[in-house]
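Asks: What follows is the file structure.txt, containing compact mmCIF, N, CA and C atoms:
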# COMPACT_ATOMS: atom_id res chain seq x y z
N THR A 887 16.77 -9.27 -3.22
CA THR A 887 17.61 -9.45 -2.05
C THR A 887 19.05 -9.59 -2.48
N GLN A 888 19.90 -9.33 -1.58
CA GLN A 888 21.34 -9.36 -1.83
C GLN A 888 21.85 -10.80 -1.74
N SER A 889 22.76 -11.18 -2.64
CA SER A 889 23.29 -12.55 -2.62
C SER A 889 24.72 -12.62 -2.08
N SER A 890 25.37 -11.47 -1.90
CA SER A 890 26.70 -11.49 -1.30
C SER A 890 26.89 -10.26 -0.42
N TYR A 891 27.74 -10.43 0.58
CA TYR A 891 27.95 -9.39 1.58
C TYR A 891 29.44 -9.22 1.83
N ALA A 892 29.90 -7.97 1.89
CA ALA A 892 31.28 -7.67 2.24
C ALA A 892 31.38 -7.64 3.76
N VAL A 893 32.33 -8.41 4.32
CA VAL A 893 32.49 -8.51 5.76
C VAL A 893 33.93 -8.14 6.11
N THR A 894 34.09 -7.32 7.13
CA THR A 894 35.42 -6.99 7.64
C THR A 894 35.44 -7.30 9.13
N VAL A 895 36.43 -8.08 9.54
CA VAL A 895 36.61 -8.43 10.95
C VAL A 895 37.88 -7.73 11.42
N ARG A 896 37.81 -7.03 12.54
CA ARG A 896 38.98 -6.32 13.09
C ARG A 896 39.31 -6.91 14.46
N ILE A 897 40.58 -7.24 14.65
CA ILE A 897 41.05 -7.69 15.96
C ILE A 897 42.02 -6.65 16.51
N THR A 898 41.97 -6.47 17.81
CA THR A 898 42.83 -5.49 18.48
C THR A 898 43.50 -6.17 19.66
N ASP A 899 44.83 -5.98 19.78
CA ASP A 899 45.52 -6.58 20.93
C ASP A 899 45.59 -5.56 22.07
N GLY A 900 46.11 -5.98 23.19
CA GLY A 900 46.21 -5.13 24.37
C GLY A 900 47.05 -3.89 24.16
N GLY A 901 47.95 -3.91 23.19
CA GLY A 901 48.81 -2.76 22.92
C GLY A 901 48.22 -1.78 21.93
N GLY A 902 47.00 -2.06 21.48
CA GLY A 902 46.33 -1.14 20.56
C GLY A 902 46.60 -1.43 19.09
N LEU A 903 47.37 -2.49 18.80
CA LEU A 903 47.60 -2.84 17.40
C LEU A 903 46.37 -3.56 16.85
N THR A 904 46.06 -3.29 15.60
CA THR A 904 44.87 -3.90 14.98
C THR A 904 45.24 -4.61 13.69
N ARG A 905 44.37 -5.49 13.32
CA ARG A 905 44.51 -6.20 12.04
C ARG A 905 43.10 -6.41 11.50
N ASP A 906 42.90 -6.07 10.24
CA ASP A 906 41.61 -6.27 9.58
C ASP A 906 41.72 -7.44 8.61
N GLU A 907 40.66 -8.20 8.54
CA GLU A 907 40.55 -9.28 7.55
C GLU A 907 39.21 -9.07 6.85
N SER A 908 39.25 -8.94 5.54
CA SER A 908 38.03 -8.72 4.76
C SER A 908 37.77 -9.91 3.86
N PHE A 909 36.49 -10.22 3.69
CA PHE A 909 36.10 -11.30 2.78
C PHE A 909 34.67 -11.05 2.32
N THR A 910 34.28 -11.76 1.29
CA THR A 910 32.91 -11.69 0.78
C THR A 910 32.19 -12.97 1.15
N LEU A 911 31.03 -12.82 1.77
CA LEU A 911 30.19 -13.95 2.16
C LEU A 911 29.09 -14.09 1.12
N SER A 912 29.05 -15.23 0.41
CA SER A 912 28.04 -15.47 -0.61
C SER A 912 26.94 -16.36 -0.05
N VAL A 913 25.69 -15.98 -0.29
CA VAL A 913 24.54 -16.74 0.17
C VAL A 913 23.87 -17.35 -1.06
N THR A 914 23.75 -18.68 -1.07
CA THR A 914 23.17 -19.39 -2.20
C THR A 914 21.69 -19.67 -1.93
N ASP A 915 20.85 -19.36 -2.91
CA ASP A 915 19.42 -19.63 -2.79
C ASP A 915 19.18 -21.14 -2.90
N GLN A 916 18.29 -21.65 -2.07
CA GLN A 916 17.94 -23.06 -2.11
C GLN A 916 16.45 -23.17 -2.41
N ASN A 917 16.10 -24.04 -3.35
CA ASN A 917 14.70 -24.24 -3.69
C ASN A 917 13.99 -24.94 -2.54
N GLU A 918 12.95 -24.29 -2.01
CA GLU A 918 12.17 -24.88 -0.93
C GLU A 918 10.85 -25.41 -1.48
N ALA A 919 10.37 -26.47 -0.90
CA ALA A 919 9.17 -27.15 -1.39
C ALA A 919 7.91 -26.31 -1.16
N PRO A 920 6.99 -26.32 -2.13
CA PRO A 920 5.70 -25.68 -1.92
C PRO A 920 4.85 -26.54 -0.99
N SER A 921 3.75 -25.97 -0.50
CA SER A 921 2.86 -26.74 0.39
C SER A 921 1.41 -26.30 0.19
N PHE A 922 0.51 -27.15 0.66
CA PHE A 922 -0.92 -26.83 0.62
C PHE A 922 -1.27 -25.99 1.84
N VAL A 923 -2.07 -24.95 1.63
CA VAL A 923 -2.53 -24.08 2.70
C VAL A 923 -3.95 -24.46 3.11
N SER A 924 -4.76 -24.84 2.15
CA SER A 924 -6.17 -25.16 2.40
C SER A 924 -6.33 -26.52 3.05
N SER A 925 -7.46 -26.69 3.73
CA SER A 925 -7.81 -27.98 4.34
C SER A 925 -8.80 -28.69 3.43
N ALA A 926 -8.54 -29.95 3.15
CA ALA A 926 -9.36 -30.72 2.22
C ALA A 926 -10.79 -30.88 2.72
N VAL A 927 -11.73 -30.82 1.79
CA VAL A 927 -13.12 -31.14 2.06
C VAL A 927 -13.24 -32.64 1.83
N THR A 928 -13.41 -33.42 2.90
CA THR A 928 -13.29 -34.88 2.81
C THR A 928 -14.63 -35.61 2.76
N GLY A 929 -15.73 -34.90 2.65
CA GLY A 929 -17.03 -35.55 2.56
C GLY A 929 -17.82 -35.02 1.38
N ALA A 930 -18.59 -35.90 0.76
CA ALA A 930 -19.46 -35.52 -0.35
C ALA A 930 -20.77 -36.28 -0.20
N THR A 931 -21.83 -35.74 -0.79
CA THR A 931 -23.16 -36.36 -0.73
C THR A 931 -23.61 -36.67 -2.15
N GLU A 932 -24.17 -37.87 -2.34
CA GLU A 932 -24.60 -38.25 -3.69
C GLU A 932 -25.59 -37.24 -4.25
N ASP A 933 -25.50 -37.03 -5.56
CA ASP A 933 -26.36 -36.12 -6.31
C ASP A 933 -26.28 -34.66 -5.84
N THR A 934 -25.21 -34.32 -5.13
CA THR A 934 -24.99 -32.95 -4.65
C THR A 934 -23.60 -32.50 -5.10
N ALA A 935 -23.52 -31.30 -5.64
CA ALA A 935 -22.24 -30.79 -6.13
C ALA A 935 -21.22 -30.72 -4.99
N TYR A 936 -20.02 -31.22 -5.28
CA TYR A 936 -18.89 -31.17 -4.35
C TYR A 936 -17.89 -30.17 -4.90
N SER A 937 -17.29 -29.37 -4.01
CA SER A 937 -16.27 -28.42 -4.45
C SER A 937 -15.26 -28.20 -3.33
N TYR A 938 -13.98 -28.19 -3.71
CA TYR A 938 -12.89 -27.92 -2.78
C TYR A 938 -11.99 -26.89 -3.43
N SER A 939 -11.90 -25.71 -2.82
CA SER A 939 -11.02 -24.64 -3.31
C SER A 939 -9.64 -24.85 -2.72
N ILE A 940 -8.68 -25.17 -3.57
CA ILE A 940 -7.33 -25.53 -3.15
C ILE A 940 -6.44 -24.29 -3.21
N THR A 941 -5.68 -24.06 -2.15
CA THR A 941 -4.69 -22.98 -2.15
C THR A 941 -3.35 -23.54 -1.71
N THR A 942 -2.29 -23.03 -2.34
CA THR A 942 -0.94 -23.49 -2.04
C THR A 942 -0.03 -22.27 -1.85
N THR A 943 1.15 -22.52 -1.35
CA THR A 943 2.13 -21.45 -1.16
C THR A 943 3.53 -21.99 -1.39
N ASP A 944 4.46 -21.10 -1.66
CA ASP A 944 5.85 -21.48 -1.83
C ASP A 944 6.72 -20.38 -1.22
N PRO A 945 7.67 -20.75 -0.35
CA PRO A 945 8.54 -19.74 0.25
C PRO A 945 9.43 -19.02 -0.77
N ASP A 946 9.63 -19.63 -1.94
CA ASP A 946 10.47 -19.03 -2.98
C ASP A 946 9.64 -18.02 -3.78
N ALA A 947 9.99 -16.76 -3.68
CA ALA A 947 9.25 -15.70 -4.38
C ALA A 947 9.28 -15.93 -5.88
N GLY A 948 8.13 -15.72 -6.51
CA GLY A 948 8.05 -15.81 -7.96
C GLY A 948 7.95 -17.21 -8.53
N ALA A 949 7.85 -18.23 -7.69
CA ALA A 949 7.75 -19.61 -8.18
C ALA A 949 6.41 -19.83 -8.88
N THR A 950 6.44 -20.55 -9.99
CA THR A 950 5.22 -20.94 -10.69
C THR A 950 4.77 -22.28 -10.14
N LEU A 951 3.57 -22.33 -9.57
CA LEU A 951 3.07 -23.55 -8.94
C LEU A 951 2.09 -24.27 -9.86
N THR A 952 2.25 -25.59 -9.95
CA THR A 952 1.37 -26.43 -10.75
C THR A 952 0.73 -27.46 -9.83
N ILE A 953 -0.60 -27.54 -9.86
CA ILE A 953 -1.34 -28.49 -9.02
C ILE A 953 -1.88 -29.59 -9.92
N THR A 954 -1.61 -30.84 -9.54
CA THR A 954 -2.08 -32.00 -10.30
C THR A 954 -2.75 -32.99 -9.36
N ALA A 955 -3.46 -33.95 -9.96
CA ALA A 955 -4.15 -34.99 -9.19
C ALA A 955 -3.80 -36.35 -9.79
N PRO A 956 -2.71 -36.98 -9.31
CA PRO A 956 -2.33 -38.30 -9.82
C PRO A 956 -3.38 -39.38 -9.58
N THR A 957 -4.14 -39.26 -8.49
CA THR A 957 -5.19 -40.22 -8.17
C THR A 957 -6.49 -39.46 -7.97
N LEU A 958 -7.48 -39.78 -8.80
CA LEU A 958 -8.74 -39.04 -8.77
C LEU A 958 -9.86 -39.93 -9.30
N PRO A 959 -10.99 -40.04 -8.58
CA PRO A 959 -12.11 -40.80 -9.13
C PRO A 959 -12.68 -40.10 -10.37
N ALA A 960 -13.31 -40.86 -11.23
CA ALA A 960 -13.79 -40.34 -12.52
C ALA A 960 -14.80 -39.21 -12.37
N TRP A 961 -15.54 -39.15 -11.28
CA TRP A 961 -16.57 -38.12 -11.13
C TRP A 961 -16.01 -36.76 -10.67
N LEU A 962 -14.72 -36.71 -10.36
CA LEU A 962 -14.10 -35.45 -9.94
C LEU A 962 -13.24 -34.86 -11.05
N THR A 963 -13.20 -33.53 -11.12
CA THR A 963 -12.37 -32.81 -12.08
C THR A 963 -11.51 -31.80 -11.32
N LEU A 964 -10.23 -31.74 -11.67
CA LEU A 964 -9.33 -30.75 -11.09
C LEU A 964 -9.09 -29.66 -12.12
N THR A 965 -9.31 -28.41 -11.73
CA THR A 965 -9.03 -27.26 -12.58
C THR A 965 -7.93 -26.43 -11.92
N ASP A 966 -6.73 -26.44 -12.51
CA ASP A 966 -5.60 -25.65 -12.01
C ASP A 966 -5.73 -24.24 -12.58
N ASN A 967 -5.79 -23.24 -11.72
CA ASN A 967 -5.96 -21.85 -12.16
C ASN A 967 -4.66 -21.18 -12.57
N GLY A 968 -3.52 -21.86 -12.39
CA GLY A 968 -2.23 -21.33 -12.81
C GLY A 968 -1.65 -20.27 -11.89
N ASP A 969 -2.26 -20.08 -10.73
CA ASP A 969 -1.79 -19.05 -9.80
C ASP A 969 -1.58 -19.60 -8.39
N GLY A 970 -1.38 -20.92 -8.28
CA GLY A 970 -1.23 -21.54 -6.97
C GLY A 970 -2.55 -21.93 -6.34
N THR A 971 -3.63 -21.78 -7.10
CA THR A 971 -4.95 -22.22 -6.63
C THR A 971 -5.55 -23.17 -7.65
N ALA A 972 -6.50 -23.96 -7.20
CA ALA A 972 -7.19 -24.90 -8.08
C ALA A 972 -8.55 -25.21 -7.47
N THR A 973 -9.40 -25.84 -8.25
CA THR A 973 -10.70 -26.29 -7.75
C THR A 973 -10.88 -27.75 -8.11
N LEU A 974 -11.25 -28.52 -7.11
CA LEU A 974 -11.60 -29.92 -7.29
C LEU A 974 -13.12 -29.98 -7.18
N SER A 975 -13.79 -30.46 -8.23
CA SER A 975 -15.25 -30.43 -8.20
C SER A 975 -15.86 -31.59 -8.96
N GLY A 976 -17.11 -31.85 -8.65
CA GLY A 976 -17.86 -32.90 -9.32
C GLY A 976 -19.11 -33.23 -8.53
N THR A 977 -19.94 -34.07 -9.12
CA THR A 977 -21.17 -34.50 -8.46
C THR A 977 -21.21 -36.03 -8.47
N PRO A 978 -21.07 -36.65 -7.29
CA PRO A 978 -21.13 -38.11 -7.24
C PRO A 978 -22.57 -38.60 -7.35
N THR A 979 -22.73 -39.74 -8.00
CA THR A 979 -24.04 -40.38 -8.08
C THR A 979 -24.10 -41.52 -7.07
N ASN A 980 -25.21 -42.22 -7.06
CA ASN A 980 -25.37 -43.36 -6.15
C ASN A 980 -24.31 -44.42 -6.42
N ALA A 981 -23.87 -44.53 -7.67
CA ALA A 981 -22.84 -45.52 -8.02
C ALA A 981 -21.49 -45.19 -7.38
N GLU A 982 -21.28 -43.95 -6.97
CA GLU A 982 -20.00 -43.55 -6.36
C GLU A 982 -20.03 -43.53 -4.84
N VAL A 983 -21.11 -43.95 -4.22
CA VAL A 983 -21.18 -43.97 -2.76
C VAL A 983 -20.08 -44.87 -2.22
N GLY A 984 -19.33 -44.38 -1.23
CA GLY A 984 -18.22 -45.14 -0.64
C GLY A 984 -16.99 -44.27 -0.53
N ASN A 985 -15.89 -44.88 -0.14
CA ASN A 985 -14.62 -44.17 0.01
C ASN A 985 -13.86 -44.14 -1.31
N HIS A 986 -13.21 -43.02 -1.58
CA HIS A 986 -12.43 -42.85 -2.81
C HIS A 986 -11.07 -42.24 -2.47
N ALA A 987 -10.03 -42.77 -3.09
CA ALA A 987 -8.68 -42.22 -2.90
C ALA A 987 -8.51 -41.00 -3.80
N VAL A 988 -7.98 -39.94 -3.22
CA VAL A 988 -7.65 -38.72 -3.96
C VAL A 988 -6.24 -38.33 -3.56
N SER A 989 -5.41 -38.06 -4.55
CA SER A 989 -4.04 -37.63 -4.29
C SER A 989 -3.79 -36.34 -5.05
N LEU A 990 -3.38 -35.30 -4.33
CA LEU A 990 -3.07 -34.02 -4.95
C LEU A 990 -1.59 -33.73 -4.78
N GLN A 991 -1.00 -33.08 -5.77
CA GLN A 991 0.41 -32.69 -5.69
C GLN A 991 0.55 -31.24 -6.14
N VAL A 992 1.50 -30.55 -5.52
CA VAL A 992 1.86 -29.21 -5.98
C VAL A 992 3.36 -29.21 -6.26
N SER A 993 3.71 -28.63 -7.40
CA SER A 993 5.11 -28.60 -7.83
C SER A 993 5.49 -27.17 -8.19
N ASP A 994 6.74 -26.81 -7.91
CA ASP A 994 7.23 -25.49 -8.29
C ASP A 994 8.23 -25.58 -9.45
N GLY A 995 8.09 -26.62 -10.23
CA GLY A 995 8.92 -26.75 -11.42
C GLY A 995 9.84 -27.87 -11.33
Could you write out this structure as structure tokens?

Replies:
Amino acid sequence: TQSSYAVTVRITDGGGLTRDESFTLSVTDQNEAPSFVSSAVTGATEDTAYSYSITTTDPDAGATLTITAPTLPAWLTLTDNGDGTATLSGTPTNAEVGNHAVSLQVSDG
């Protein structure tokens, strides 16, 4: 995409006289935050494999996305695929029955 544009503004008076003013308009790219596209799988059953396929997006073309899990119970594993997707998986046992905090983050650098 183009980052600068040549602009010319012309004014004309009632007598037909004109004046041109030219300038360059520069557009600066701003880093926009990535976001999660997928909906979390919020329920699991003991002794049954749990899996959540995570997908993310970033409005900035070409951004490298990294998915991490700052808060994760020991029975879950996060696998970042390096392409804006990841898998959260594991099998809870009877000892893990109950509510567990999970925190996921996506970063574009």

Asks: For the atom pair CA of Ala935 (chain A) and atom C of Pro920 (chain A), what is the interatomic distance in Å to one decimal place?

Replies: 27.9 Å

Asks: When you count all atoms listed in the file, which of these residues is closest to Phe922 (chain A): A:Tyr891, A:Val992, A:Asn980, A:Ala955?

Replies: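 Residue with the minimum atom-to-atom distance to Phe922 (chain A): A:Val992.
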
Asks: Report, as AutoDock Vina command-line options, the centre and edge lengths in Å (one decimal) of the axis-aligned box enclosing every listed atom of region 972-978 of chain A, padded by 6 Å on each side.

Replies:
--center_x -14.5 --center_y -31.3 --center_z -8.2 --size_x 28.1 --size_y 26.6 --size_z 14.2

Asks: Just want the 5 Å neighbourhood of Asp933 (chain A), counted on all atoms listed in the file, with same-chain residues fewer than 2 positions away dropped. Output as number ranges by chain.

Replies: A: 931, 935, 978-979

Asks: Would you output that residue set with N, CA and C atoms, as a PDB file, in the frame of the given file?

Replies:
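Saved to out09.pdb:
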ATOM      1  N   THR A 931     -21.830 -35.740  -0.790  1.00  0.00           N
ATOM      2  CA  THR A 931     -23.160 -36.360  -0.730  1.00  0.00           C
ATOM      3  C   THR A 931     -23.610 -36.670  -2.150  1.00  0.00           C
ATOM      4  N   ALA A 935     -23.520 -31.300  -5.640  1.00  0.00           N
ATOM      5  CA  ALA A 935     -22.240 -30.790  -6.130  1.00  0.00           C
ATOM      6  C   ALA A 935     -21.220 -30.720  -4.990  1.00  0.00           C
ATOM      7  N   PRO A 978     -21.070 -36.650  -7.290  1.00  0.00           N
ATOM      8  CA  PRO A 978     -21.130 -38.110  -7.240  1.00  0.00           C
ATOM      9  C   PRO A 978     -22.570 -38.600  -7.350  1.00  0.00           C
ATOM     10  N   THR A 979     -22.730 -39.740  -8.000  1.00  0.00           N
ATOM     11  CA  THR A 979     -24.040 -40.380  -8.080  1.00  0.00           C
ATOM     12  C   THR A 979     -24.100 -41.520  -7.070  1.00  0.00           C
TER      13      THR A 979
END

Asks: Can you tell me how far atom C of Thr910 (chain A) sits from CA of Arg896 (chain A), in Å to one decimal?

Replies: 15.3 Å

Asks: Env of Ala987 (chain A): 8 Å cut, atoms = all atoms listed in the file, seq-sep filter 2 positions within chain, self excluded. Answer as a ChimeraX atom specification.

Replies: /A:956-959,984-985,989-990

Asks: Between A:Glu932, A:Pro945, A:Thr954, A:Ser939, which one has atoms that come closest to Ala981 (chain A), using only C-alpha atoms?

Replies: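 Using only C-alpha atoms, the shortest distance to Ala981 (chain A) belongs to A:Glu932.
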
Asks: Do a neighbour search on Gln916 (chain A) at 12 Å with only C-alpha atoms, toss out local chain neighbours closer than 2 positions, and write the hits as a list in words.

Replies: Ser889, Val913, Thr914, Glu918, Ala919, Pro945, Asp946 and Ala947 of chain A

Asks: Quick one, how far is atom N of Asp969 (chain A) from atom N of Thr952 (chain A)?

Replies: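 A separation of 7.2 Å between them.
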
Asks: Ile897 (chain A): which residues within 7 Å, counting only N, CA and C atoms, same-chain residues fewer than 4 positions away excluded, as a PyMOL selection string?

Replies: chain A and resi 903-907

Asks: Between A:Gly901, A:Asn917, A:Ser993, A:Ile953, which is the closest to Thr965 (chain A) once you count only N, CA and C atoms?

Replies: A:Ile953

Asks: Dump region 894-979 of chain A with C-alpha atoms to a file, as a PDB file, in the first residue's frame.

Replies:
ATOM      1  CA  THR A 894      -3.274  19.462  -5.272  1.00  0.00           C
ATOM      2  CA  VAL A 895      -6.053  21.832  -4.229  1.00  0.00           C
ATOM      3  CA  ARG A 896      -7.243  24.448  -6.755  1.00  0.00           C
ATOM      4  CA  ILE A 897      -9.315  27.497  -5.847  1.00  0.00           C
ATOM      5  CA  THR A 898     -11.051  29.666  -8.422  1.00  0.00           C
ATOM      6  CA  ASP A 899     -12.527  33.122  -7.848  1.00  0.00           C
ATOM      7  CA  GLY A 900     -15.510  34.663  -9.614  1.00  0.00           C
ATOM      8  CA  GLY A 901     -13.218  36.325 -12.161  1.00  0.00           C
ATOM      9  CA  GLY A 902     -11.746  33.020 -13.297  1.00  0.00           C
ATOM     10  CA  LEU A 903      -8.396  33.435 -11.536  1.00  0.00           C
ATOM     11  CA  THR A 904      -7.035  30.247  -9.988  1.00  0.00           C
ATOM     12  CA  ARG A 905      -4.438  29.286  -7.456  1.00  0.00           C
ATOM     13  CA  ASP A 906      -3.063  25.785  -6.861  1.00  0.00           C
ATOM     14  CA  GLU A 907      -1.585  24.553  -3.603  1.00  0.00           C
ATOM     15  CA  SER A 908       0.243  21.224  -3.656  1.00  0.00           C
ATOM     16  CA  PHE A 909       1.417  19.134  -0.734  1.00  0.00           C
ATOM     17  CA  THR A 910       2.253  15.559   0.182  1.00  0.00           C
ATOM     18  CA  LEU A 911      -0.006  13.759   2.649  1.00  0.00           C
ATOM     19  CA  SER A 912       1.866  11.061   4.609  1.00  0.00           C
ATOM     20  CA  VAL A 913      -0.049   8.198   6.228  1.00  0.00           C
ATOM     21  CA  THR A 914       1.659   6.520   9.188  1.00  0.00           C
ATOM     22  CA  ASP A 915       0.989   2.851   9.920  1.00  0.00           C
ATOM     23  CA  GLN A 916      -0.243   2.149  13.442  1.00  0.00           C
ATOM     24  CA  ASN A 917       0.164  -1.233  15.104  1.00  0.00           C
ATOM     25  CA  GLU A 918      -3.291  -2.637  15.846  1.00  0.00           C
ATOM     26  CA  ALA A 919      -3.896  -5.293  18.480  1.00  0.00           C
ATOM     27  CA  PRO A 920      -4.486  -8.915  17.482  1.00  0.00           C
ATOM     28  CA  SER A 921      -7.622 -10.693  18.700  1.00  0.00           C
ATOM     29  CA  PHE A 922      -9.079 -14.149  19.229  1.00  0.00           C
ATOM     30  CA  VAL A 923     -11.490 -15.371  16.545  1.00  0.00           C
ATOM     31  CA  SER A 924     -12.421 -18.735  18.065  1.00  0.00           C
ATOM     32  CA  SER A 925     -14.876 -19.273  20.915  1.00  0.00           C
ATOM     33  CA  ALA A 926     -13.458 -21.025  23.971  1.00  0.00           C
ATOM     34  CA  VAL A 927     -14.549 -24.549  24.844  1.00  0.00           C
ATOM     35  CA  THR A 928     -15.425 -23.960  28.513  1.00  0.00           C
ATOM     36  CA  GLY A 929     -16.424 -27.452  29.647  1.00  0.00           C
ATOM     37  CA  ALA A 930     -14.464 -30.664  30.113  1.00  0.00           C
ATOM     38  CA  THR A 931     -15.336 -34.137  31.416  1.00  0.00           C
ATOM     39  CA  GLU A 932     -13.071 -36.173  33.672  1.00  0.00           C
ATOM     40  CA  ASP A 933     -11.101 -38.955  31.960  1.00  0.00           C
ATOM     41  CA  THR A 934     -12.128 -37.572  28.538  1.00  0.00           C
ATOM     42  CA  ALA A 935      -9.768 -35.761  26.181  1.00  0.00           C
ATOM     43  CA  TYR A 936     -10.371 -31.996  26.031  1.00  0.00           C
ATOM     44  CA  SER A 937      -9.340 -29.945  22.999  1.00  0.00           C
ATOM     45  CA  TYR A 938      -9.804 -26.312  21.983  1.00  0.00           C
ATOM     46  CA  SER A 939      -8.596 -25.180  18.546  1.00  0.00           C
ATOM     47  CA  ILE A 940      -7.562 -21.543  18.972  1.00  0.00           C
ATOM     48  CA  THR A 941      -7.579 -19.100  16.061  1.00  0.00           C
ATOM     49  CA  THR A 942      -6.468 -15.474  16.108  1.00  0.00           C
ATOM     50  CA  THR A 943      -6.242 -12.594  13.662  1.00  0.00           C
ATOM     51  CA  ASP A 944      -4.393  -9.312  13.293  1.00  0.00           C
ATOM     52  CA  PRO A 945      -5.434  -6.368  11.102  1.00  0.00           C
ATOM     53  CA  ASP A 946      -1.735  -5.686  10.399  1.00  0.00           C
ATOM     54  CA  ALA A 947      -0.708  -7.727   7.354  1.00  0.00           C
ATOM     55  CA  GLY A 948       2.282  -9.983   7.863  1.00  0.00           C
ATOM     56  CA  ALA A 949       2.278  -9.814  11.680  1.00  0.00           C
ATOM     57  CA  THR A 950       3.780 -12.812  13.477  1.00  0.00           C
ATOM     58  CA  LEU A 951       1.354 -13.909  16.196  1.00  0.00           C
ATOM     59  CA  THR A 952       2.419 -15.693  19.378  1.00  0.00           C
ATOM     60  CA  ILE A 953      -0.156 -17.399  21.614  1.00  0.00           C
ATOM     61  CA  THR A 954       0.709 -18.018  25.275  1.00  0.00           C
ATOM     62  CA  ALA A 955      -1.105 -19.195  28.401  1.00  0.00           C
ATOM     63  CA  PRO A 956      -0.014 -17.244  31.505  1.00  0.00           C
ATOM     64  CA  THR A 957      -2.568 -19.136  33.635  1.00  0.00           C
ATOM     65  CA  LEU A 958      -3.117 -22.817  32.931  1.00  0.00           C
ATOM     66  CA  PRO A 959      -3.937 -25.851  35.103  1.00  0.00           C
ATOM     67  CA  ALA A 960      -1.266 -28.572  35.095  1.00  0.00           C
ATOM     68  CA  TRP A 961      -3.420 -31.035  33.120  1.00  0.00           C
ATOM     69  CA  LEU A 962      -3.660 -28.703  30.102  1.00  0.00           C
ATOM     70  CA  THR A 963      -0.988 -28.127  27.436  1.00  0.00           C
ATOM     71  CA  LEU A 964      -0.878 -25.240  24.959  1.00  0.00           C
ATOM     72  CA  THR A 965       0.737 -25.913  21.572  1.00  0.00           C
ATOM     73  CA  ASP A 966       1.361 -22.738  19.530  1.00  0.00           C
ATOM     74  CA  ASN A 967       1.502 -23.642  15.826  1.00  0.00           C
ATOM     75  CA  GLY A 968       3.351 -20.424  14.909  1.00  0.00           C
ATOM     76  CA  ASP A 969       0.714 -19.351  12.380  1.00  0.00           C
ATOM     77  CA  GLY A 970      -1.847 -17.587  14.578  1.00  0.00           C
ATOM     78  CA  THR A 971      -3.403 -20.875  15.662  1.00  0.00           C
ATOM     79  CA  ALA A 972      -2.843 -23.078  18.692  1.00  0.00           C
ATOM     80  CA  THR A 973      -4.338 -26.070  20.461  1.00  0.00           C
ATOM     81  CA  LEU A 974      -5.178 -26.276  24.138  1.00  0.00           C
ATOM     82  CA  SER A 975      -5.529 -29.919  25.137  1.00  0.00           C
ATOM     83  CA  GLY A 976      -5.390 -32.382  27.975  1.00  0.00           C
ATOM     84  CA  THR A 977      -7.333 -34.990  29.900  1.00  0.00           C
ATOM     85  CA  PRO A 978      -8.580 -34.071  33.374  1.00  0.00           C
ATOM     86  CA  THR A 979      -8.803 -36.767  36.033  1.00  0.00           C
TER      87      THR A 979
END
